[in-house]
Amino acid sequence: MNANDKCALVHNNHDLHEILKTTDHVITLFYASWCPFCVRFLPIFKKHAEGDGQSFVIVQDDQETIADQYSVKVYPTVLFIEKGVISKRLDGVLGVGLDEKQLVEFVSKCPLR
C-alpha cells in the first residue's frame, strides 16, 4: 500500500500481513460478498476511504479463513489496527450489520497519525 492507495482490497492473510507490516494505522473492513449486510455497507466504507488521507483496507473473506485470526465473528466488522495490533473494533450486529453513522463515529476515534 503506498501513499496513493486509499483503499486496498485483499483476499488472503499474506496480503493483509504485508500491508500491516508497512502501514502503522489501518482501518480494516472484514466482509463477505455473500452477506447482504456487507453488500449494503461496502459502498459506505469505500466512500469514506476515498475522502480521507488514511489507510483503509477491505478484507474479502468469503471462505471465512481470515476472520478467526482477528476474532471477527460477524460480517461486516471494522477494525482499527495500529502497528499490527487491533486497538479498536466496530463489530457488526447479527441481522442488522453496520451503518454510516457508526462508521463515521468509529473513524473519528481512530488516531491515524
# chains A, B, ... in the order shown; residues from 1 in each chain; ligands from 1
call {"tool": "residues_around", "arguments": {"residues": "range 96-108 of chain A", "least_positions_apart": "2", "cutoff": "9 Å", "atoms": "only C-alpha atoms", "output": "PyMOL selection string"}}
result
chain A and resi 27+36-38+40-41+44-45+48+74-78+80+88-94+110-112
call {"tool": "select_by_dssp", "arguments": {"residues": "range 27-56 of chain A", "states": "strand (DSSP E or B)", "output": "VMD selection string"}}
result
chain A and resid 27 to 31 55 to 56
call {"tool": "closest_residue", "arguments": {"among": "A:Ser87, A:Gln69, A:Ser33, A:Ser55", "to": "Asn13 in chain A", "atoms": "only C-alpha atoms"}}
result
A:Gln69
call {"tool": "closest_residue", "arguments": {"among": "A:Glu50, A:Phe56, A:Asp61, A:Val26", "to": "Lys73 in chain A", "atoms": "only C-alpha atoms"}}
result
A:Asp61
call {"tool": "residues_around", "arguments": {"residues": "Val59 in chain A", "least_positions_apart": "6", "cutoff": "6 Å", "atoms": "only C-alpha atoms", "output": "short mmCIF file (atom, residue, chain, number, x, y, z; two decimals) with C-alpha atoms, in the first residue's frame"}}
result
data_model
loop_
_atom_site.label_atom_id
_atom_site.label_comp_id
_atom_site.auth_asym_id
_atom_site.auth_seq_id
_atom_site.Cartn_x
_atom_site.Cartn_y
_atom_site.Cartn_z
CA VAL A 10 -7.14 -8.21 -0.06
CA HIS A 11 -8.33 -11.80 -0.27
CA LEU A 29 -13.28 -3.88 6.89
CA PHE A 30 -13.87 -7.61 7.11
#
call {"tool": "residues_around", "arguments": {"residues": "Val85 in chain A", "least_positions_apart": "6", "cutoff": "12 Å", "atoms": "only C-alpha atoms", "output": "JSON, numbers by chain"}}
result
{"A": [17, 20, 21, 23, 24, 25, 26, 27, 28, 69, 70, 79]}
call {"tool": "write_last_selection", "arguments": {"atoms": "C-alpha atoms", "output": "PDB file, in the first residue's frame"}}
result
ATOM      1  CA  HIS A  17       0.089  -9.026   6.751  1.00  0.00           C
ATOM      2  CA  LEU A  20       0.135  -4.258   8.159  1.00  0.00           C
ATOM      3  CA  LYS A  21       3.946  -4.559   8.102  1.00  0.00           C
ATOM      4  CA  THR A  23       1.418   0.750   7.365  1.00  0.00           C
ATOM      5  CA  ASP A  24       1.181   1.765  11.029  1.00  0.00           C
ATOM      6  CA  HIS A  25      -2.504   2.772  11.116  1.00  0.00           C
ATOM      7  CA  VAL A  26      -5.113   0.878   9.108  1.00  0.00           C
ATOM      8  CA  ILE A  27      -8.900   0.846   9.218  1.00  0.00           C
ATOM      9  CA  THR A  28      -9.880  -2.616   8.015  1.00  0.00           C
ATOM     10  CA  GLN A  69      -7.239 -14.746  13.400  1.00  0.00           C
ATOM     11  CA  TYR A  70      -8.734 -11.322  14.180  1.00  0.00           C
ATOM     12  CA  LEU A  79     -11.046  -2.969  12.936  1.00  0.00           C
TER      13      LEU A  79
END
